[in-house]
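Visitor: The following block contains the structure, expressed as structure tokens.
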Amino acid sequence: MMKKFNTLLLGATLLLAACGGEKETAKTADTVKIGCTAPLTGPVAIYGITSSNGSKLAMDEINKNGGILGKQVEFTVLDSKGDPTEAITAYNRLVDQGIVAFIGDAPSKPTLAIAEVAAQDNMPMITPNGTQFNITEAGPNVFRTCFTDPYQGVVLANFAKNNLKAGTVAILVNNSSDYSDGVSKAFIEQAGKLGLKVVAKEGYSDGDKDFRAQLTKILPTNPDVLVVPDYYEQAALITVQAREVGLKSTFIGPDGWDGVSKTLDPSAYGAVENSYFTNHYSLDDQSPKVQEFVKAYKEVYNEEPSSFAALSYDSAYMMKAAIEKAGTTEKQAVIDALKTLSYDGVTGHLTFDEKNNPVKDVTVLKIVNGEYTFDSVVKPE
């Protein structure tokens, strides 16, 4: 009986030692594990690839300069394919790998899906590119680097009225897209406050390729400005077809337009000539921080960095700053540090409001000969 008791006691001791060993290993891990998801394949891969490139560039720089809290960062990027279900699966894989913080995703739908799960984990999360307003409402652990859809709508209305001196506008909105709908609703509300007359509003659905019927309905209203609140693929098709049916309006859109020139053949650049869209930074900004980032990105990836790359680059450095401010990778401490962060980045100076949305400048870009040129900056209200 005594032999059996001693055997049980030894087993219990070994079990406690094993558990203590696991806990000690977690505490003394020699790397800081940070995870990221992005659409590396699928229809919005252009966003995911450039976005993940930006965060990877930042993490490589961070590691070369001593890492975080004196430890190297183990940065893992998984493909979300732009799909909410795939995004959650990828996020859960990262959690299983032991990440202490998360950066991602793009666009808004998979980002929201992850945010709702990350809130249950109290995982410190920064989305570089998820603009849908309710993403940060998933939980107090969720932050964003980009501005929101409604804010873009307000800025676009102000820009149409004050900068373009427009009197009439028409809107062609994607009824299947929360992103498009969010920009559109805010634009219409702000237009009403400014006395800007909305003379036509037409809609379409995801997957549509022919917009001539809607554009032909808009044509007789002869709007000064046509608002296209959607991503670059649709914007490229719509603008070309708008010119084909005879619309002379100035086109404006949100940050989803970033990439429209790459989608168009150079022979079609005339369709978007002198169009404007809101964005997060400009390659023309001569500040040392911007130009050093642009130079470093081009050296590694042999192309100019998009706004998605810049936002992800800033997001990586913001997470570093928060962890170092907290002095630990303990989740709640990092979240508390993020809330009080004041950060000067490539995409401007940023603080967070009560809903973890950024208070920051908005850059307006003008398309000239297929190039995105700096037009103006809108300061926070």
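We label chains A, B, ... in the order they appear in the structure tokens, count residues from 1 in each chain, and number ligands from 1 in the order shown.
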List the neighbours of Ala138 in chain A out to 12 Å using only C-alpha atoms; skip same-chain residues closer than 5 positions along the sequence, and give me the result as an MDAnalysis selection string.

Guide: chainID A and resid 111:123 125 132:133 143:144 355:356

Visitor: Just write the chosen residues, C-alpha atoms, as a PDB file, in the first residue's frame.

Guide:
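Here's the written file selection_0.pdb:
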ATOM      1  CA  THR A 111     -11.513  41.605 -40.199  1.00  0.00           C
ATOM      2  CA  LEU A 112     -14.826  41.881 -38.357  1.00  0.00           C
ATOM      3  CA  ALA A 113     -15.108  38.092 -38.189  1.00  0.00           C
ATOM      4  CA  ILE A 114     -11.691  37.850 -36.537  1.00  0.00           C
ATOM      5  CA  ALA A 115     -12.368  40.811 -34.244  1.00  0.00           C
ATOM      6  CA  GLU A 116     -15.403  39.077 -32.761  1.00  0.00           C
ATOM      7  CA  VAL A 117     -13.324  35.978 -31.955  1.00  0.00           C
ATOM      8  CA  ALA A 118     -10.286  37.962 -30.790  1.00  0.00           C
ATOM      9  CA  ALA A 119     -12.546  39.854 -28.374  1.00  0.00           C
ATOM     10  CA  GLN A 120     -13.389  36.566 -26.664  1.00  0.00           C
ATOM     11  CA  ASP A 121      -9.648  35.884 -26.320  1.00  0.00           C
ATOM     12  CA  ASN A 122      -8.921  39.473 -25.164  1.00  0.00           C
ATOM     13  CA  MET A 123      -6.177  39.390 -27.814  1.00  0.00           C
ATOM     14  CA  MET A 125      -5.497  43.411 -32.099  1.00  0.00           C
ATOM     15  CA  GLN A 132     -15.990  49.204 -41.390  1.00  0.00           C
ATOM     16  CA  PHE A 133     -17.240  51.235 -38.429  1.00  0.00           C
ATOM     17  CA  PHE A 143      -7.935  48.936 -32.515  1.00  0.00           C
ATOM     18  CA  ARG A 144      -7.521  50.254 -36.044  1.00  0.00           C
ATOM     19  CA  LYS A 355     -13.925  53.633 -29.521  1.00  0.00           C
ATOM     20  CA  ASN A 356     -10.302  52.792 -30.419  1.00  0.00           C
TER      21      ASN A 356
END

Visitor: Need the shell around range 373-376 of chain A: protein/DNA/RNA residues with any atom at most 8 Å away, counting only C-alpha atoms. Skip same-chain ones fewer than 4 positions apart. Format as a PyMOL selection string?

Guide: chain A and resi 282-285+363-368

Visitor: From the DSSP assignment of the backbone, select every residue of range 73-298 of chain A that is alpha helix (DSSP H), and format the answer as a PyMOL selection string.

Guide: chain A and resi 84-96+108-121+149-158+178-194+212-218+232-245+260-263+288-298

Visitor: Suppose we keep C-alpha atoms; can you now write the selection as a compact mmCIF listing (two decimals), in the first residue's frame?

Guide:
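This went into out01.txt:
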# COMPACT_ATOMS: atom_id res chain seq x y z
CA PRO A 84 -14.50 35.42 -43.07
CA THR A 85 -14.51 31.67 -42.42
CA GLU A 86 -10.97 31.22 -43.73
CA ALA A 87 -9.89 34.24 -41.70
CA ILE A 88 -11.19 32.78 -38.42
CA THR A 89 -9.51 29.44 -39.18
CA ALA A 90 -6.20 31.19 -39.83
CA TYR A 91 -6.52 33.30 -36.68
CA ASN A 92 -7.22 30.23 -34.55
CA ARG A 93 -4.13 28.53 -35.96
CA LEU A 94 -2.07 31.52 -34.86
CA VAL A 95 -3.59 31.40 -31.37
CA ASP A 96 -2.68 27.70 -31.17
CA SER A 108 -13.52 44.66 -43.54
CA LYS A 109 -15.66 41.49 -43.57
CA PRO A 110 -12.92 39.01 -42.59
CA THR A 111 -11.51 41.61 -40.20
CA LEU A 112 -14.83 41.88 -38.36
CA ALA A 113 -15.11 38.09 -38.19
CA ILE A 114 -11.69 37.85 -36.54
CA ALA A 115 -12.37 40.81 -34.24
CA GLU A 116 -15.40 39.08 -32.76
CA VAL A 117 -13.32 35.98 -31.96
CA ALA A 118 -10.29 37.96 -30.79
CA ALA A 119 -12.55 39.85 -28.37
CA GLN A 120 -13.39 36.57 -26.66
CA ASP A 121 -9.65 35.88 -26.32
CA ASP A 149 -15.95 54.34 -43.71
CA PRO A 150 -18.27 57.06 -42.34
CA TYR A 151 -15.36 59.43 -41.80
CA GLN A 152 -14.30 58.96 -45.42
CA GLY A 153 -17.86 59.73 -46.53
CA VAL A 154 -17.85 62.99 -44.57
CA VAL A 155 -14.43 63.96 -45.93
CA LEU A 156 -15.48 63.21 -49.52
CA ALA A 157 -18.60 65.38 -49.16
CA ASN A 158 -16.57 68.23 -47.69
CA ASP A 178 -20.98 47.29 -46.05
CA TYR A 179 -17.90 49.31 -46.98
CA SER A 180 -19.62 50.97 -49.94
CA ASP A 181 -22.84 51.48 -48.00
CA GLY A 182 -21.04 53.03 -45.02
CA VAL A 183 -19.22 55.60 -47.16
CA SER A 184 -22.36 56.34 -49.18
CA LYS A 185 -24.67 56.95 -46.21
CA ALA A 186 -22.22 59.27 -44.49
CA PHE A 187 -21.61 61.14 -47.75
CA ILE A 188 -25.34 61.70 -48.33
CA GLU A 189 -25.91 62.88 -44.76
CA GLN A 190 -23.00 65.33 -44.92
CA ALA A 191 -24.02 66.50 -48.40
CA GLY A 192 -27.41 67.45 -46.98
CA LYS A 193 -25.75 69.54 -44.26
CA LEU A 194 -23.59 71.30 -46.85
CA ARG A 212 -24.00 50.97 -68.27
CA ALA A 213 -27.72 50.79 -67.39
CA GLN A 214 -27.17 52.62 -64.10
CA LEU A 215 -24.76 55.11 -65.65
CA THR A 216 -27.21 55.85 -68.47
CA LYS A 217 -29.85 56.72 -65.84
CA ILE A 218 -27.40 59.07 -64.16
CA TYR A 232 -10.46 49.45 -57.20
CA GLU A 233 -11.77 46.57 -59.35
CA GLN A 234 -15.28 48.04 -59.56
CA ALA A 235 -13.97 51.59 -59.74
CA ALA A 236 -11.87 50.70 -62.79
CA LEU A 237 -14.84 49.17 -64.62
CA ILE A 238 -17.29 51.92 -63.64
CA THR A 239 -15.09 54.85 -64.62
CA VAL A 240 -14.29 53.43 -68.06
CA GLN A 241 -17.96 52.67 -68.74
CA ALA A 242 -19.01 56.08 -67.41
CA ARG A 243 -16.85 57.79 -70.00
CA GLU A 244 -18.19 55.44 -72.67
CA VAL A 245 -21.79 56.52 -72.00
CA VAL A 260 -7.10 51.33 -59.62
CA SER A 261 -4.24 52.38 -61.90
CA LYS A 262 -2.65 48.93 -61.67
CA THR A 263 -5.95 47.42 -62.77
CA PRO A 288 12.09 61.83 -43.57
CA LYS A 289 9.91 59.14 -42.00
CA VAL A 290 7.89 58.71 -45.20
CA GLN A 291 10.82 58.83 -47.57
CA GLU A 292 12.88 56.36 -45.49
CA PHE A 293 9.93 53.95 -45.51
CA VAL A 294 9.40 54.31 -49.27
CA LYS A 295 13.12 53.73 -49.94
CA ALA A 296 13.28 50.65 -47.68
CA TYR A 297 10.13 49.13 -49.15
CA LYS A 298 11.29 49.62 -52.74

Visitor: List every residue of range 163-293 of chain A that DSSP, applied to the backbone of this structure, assigns to strand (DSSP E), and report them as an MDAnalysis selection string.

Guide: chainID A and resid 168:174 197:204 225:227 250:253 276:279

Visitor: Could you pull the residues within 7 Å of range 43-48 of chain A, counting only C-alpha atoms, minus those fewer than 4 positions along the same chain, as a ChimeraX atom specification?

Guide: /A:38-39,52,82,106,308

Visitor: Next, dump the selected residues to file, keeping only C-alpha atoms, as a PDB file, in the first residue's frame.

Guide:
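Wrote it out as result30.pdb, contents follow:
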ATOM      1  CA  ALA A  38      -4.146  38.815 -44.886  1.00  0.00           C
ATOM      2  CA  PRO A  39      -5.703  37.784 -48.218  1.00  0.00           C
ATOM      3  CA  SER A  52       1.611  41.848 -45.264  1.00  0.00           C
ATOM      4  CA  GLY A  82     -10.455  37.530 -48.040  1.00  0.00           C
ATOM      5  CA  ALA A 106      -8.229  43.129 -44.947  1.00  0.00           C
ATOM      6  CA  PHE A 308      -2.097  49.388 -47.197  1.00  0.00           C
TER       7      PHE A 308
END

Visitor: If I take CA of Thr76 in chain A and CA of Gly35 in chain A, how far is one from the other in Å, to one decimal?

Guide: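 The value is 5.0 Å.
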
Visitor: Between A:Ser287, A:Thr329, A:Ser176, A:Thr250, single out the one closest to Val227 in chain A, counting only C-alpha atoms.

Guide: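 Among the listed residues, A:Thr250 lies closest to Val227 in chain A.
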
Visitor: Give me the residues near Glu354 in chain A as a ChimeraX atom specification, where near means some atom within 10 Å (using only C-alpha atoms) and where sequence neighbours in that chain fewer than 4 positions away do not count.

Guide: /A:140,339,358

Visitor: For CA of Thr50 in chain A and CA of Gly348 in chain A, determine how far apart the two atoms are, in Å to one decimal place.

Guide: 19.0 Å
